[in-house]
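Here's the structure, in structure tokens; my notes come after.
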Amino acid sequence: MEILNYAFMQRALLAAVLVGVTAPAVGIYLVQRRQALMGDGIGHVAMTGVGLGFLLSWSPVWMATAVSVLGAILMELIRWYGRTRGDIALAMLFYGGMAGGVMFINLAPAGSNANLTSYLFGSLSTVSESDVTAICVLAAFVVLVTLGLRRQLFAVSQDEEFARVTGLPVRALNLLTAVTAAVTVTVAMRVVGLLLVSALMVVPVAAAQQLTRSFAATFVIAVAIGVSVTIGGTVTSYYQDVPPGATIVLLTIGAFVLLTALAAPLARRRARALAGERPAGDPAECAIPADRVAAGKNSV
């Protein structure tokens, strides 16, 4: 294929596959915890890290990782202790992160709003070898956490009180989930963009849930959708010269609409099949034997 002849597209496709795996892998826990927009908030905070990276001449990816992890920890602390004014504190954290990113990148000698735009909405041509190395390392961490601790994370996501009673370190696992989500945001920002990464974390999971309610099946289908749309969006972006992040998100929403349309007739077909297997009338064990009926009549 022509697309594989270019080194920048090879890097972009590798990054796209890693994003397609990691984003839904973390998103399934966020959806279970009713925190679907957490990735969006972390993306706002990560903008400050990108700006600091340009200002201090450090890697924007690693700096964004550090800042977004700190922001995710603060979000969890606010969730625990700031119950009365927690929403206000989170709003200040999110919008402060956006403002800080814009300010720092404009103060940087080599920074400009054009640099920030590539991180906000993704850019295929700017994925460097150092970015790919960072993405591979961070993606490996995400996969290890989401698969290695899947039982514990699922238990906490479903019912924190029950998980606490069973002896699980609930707060530590919640912090780990938040940190893993922050790492995933920085993994995805070069391909999808900070402002659109939350959609890739949530929509594939919602699409997979249209077909199955099993956690394992939902996990596998969501990752398959994520990889498919990131590769499809990256290839489409190259040939049609359209923004990669927007293309990937629109393909993801399209997959959700398609699976939702297919899920309804499949559910009706399953219901009819179950109804056909159920015997008509009373079950055999509930039927009254004929001899007992006759005996009852005679006794009357």
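Every chain in the structure tokens takes a letter, A first, then B, and so on in the order presented; its residues are numbered from 1, and the ligands are numbered from 1 following the presented order.
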
Handout entry: Nearby residues (only C-alpha atoms) at most 7 Å from Gly43 in chain A, same-chain spacing under 2 positions excluded, as a PyMOL selection string
Key = chain A and resi 39-41+45-47+185+194-195

Problem - Shell of 9 Å around Ala255 in chain A, only C-alpha atoms, local chain residues under 6 positions omitted, as a list of chain:residue names - result: A:Val203, A:Pro204, A:Ala207, A:Ile225, A:Val229

Handout entry: Non-local contacts of range 146-155 of chain A (7 Å; only C-alpha atoms; under 3 positions in same chain excluded) as number ranges by chain
Key = A: 25-26, 29, 142-143, 158-159, 163, 173

Would you output that residue set with N, CA, C and O atoms, as a compact mmCIF listing (two decimals), in the first residue's frame?
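For reference, part.txt as written:
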# COMPACT_ATOMS: atom_id res chain seq x y z
N ALA A 25 -10.32 0.40 26.53
CA ALA A 25 -9.94 -0.44 27.66
C ALA A 25 -10.10 0.30 28.98
O ALA A 25 -10.50 -0.30 30.00
N VAL A 26 -9.81 1.58 28.99
CA VAL A 26 -10.03 2.39 30.18
C VAL A 26 -11.47 2.89 30.24
O VAL A 26 -12.09 2.93 31.31
N TYR A 29 -14.34 1.08 32.24
CA TYR A 29 -14.43 1.28 33.70
C TYR A 29 -15.05 2.63 34.02
O TYR A 29 -15.80 2.76 34.99
N VAL A 142 -1.06 1.09 30.38
CA VAL A 142 -2.52 1.05 30.39
C VAL A 142 -3.03 -0.37 30.21
O VAL A 142 -3.94 -0.83 30.92
N VAL A 143 -2.45 -1.10 29.27
CA VAL A 143 -2.90 -2.47 29.01
C VAL A 143 -2.63 -3.37 30.22
O VAL A 143 -3.47 -4.20 30.59
N GLN A 158 -18.42 -1.40 39.81
CA GLN A 158 -19.81 -1.82 39.96
C GLN A 158 -20.41 -1.38 41.29
O GLN A 158 -21.51 -0.84 41.34
N ASP A 159 -19.68 -1.60 42.38
CA ASP A 159 -20.23 -1.31 43.71
C ASP A 159 -19.07 -1.07 44.66
O ASP A 159 -18.43 -2.04 45.12
N ALA A 163 -17.20 -3.76 47.25
CA ALA A 163 -15.76 -3.99 47.08
C ALA A 163 -15.01 -3.70 48.37
O ALA A 163 -14.06 -4.41 48.73
N LEU A 173 -7.54 1.79 44.22
CA LEU A 173 -7.97 1.37 42.89
C LEU A 173 -8.65 2.51 42.14
O LEU A 173 -8.49 2.64 40.91

Problem - All alpha helix (DSSP H) positions in range 198-248 of chain A, as an MDAnalysis selection string - result: chainID A and resid 198:209 215:240 244:248

Problem - Atom pair CA of Leu266 in chain A / CA of Leu211 in chain A: separation (Å) - result: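 Calculated distance between CA of Leu266 in chain A and CA of Leu211 in chain A is 8.5 Å.
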
Problem - Close residues, range 65-73 of chain A itself excluded, 10 Å, only C-alpha atoms, min 5 positions apart in chain, as a PyMOL selection string - result: chain A and resi 38-39+41-50+52+59-60+78-79+90+93-94+97+134+138+174-187

Handout entry: Nearest residue to Phe54 in chain A from the set A:Tyr119, A:Pro265, A:Val242, A:Leu74 (distances using only C-alpha atoms)
Key = A:Tyr119
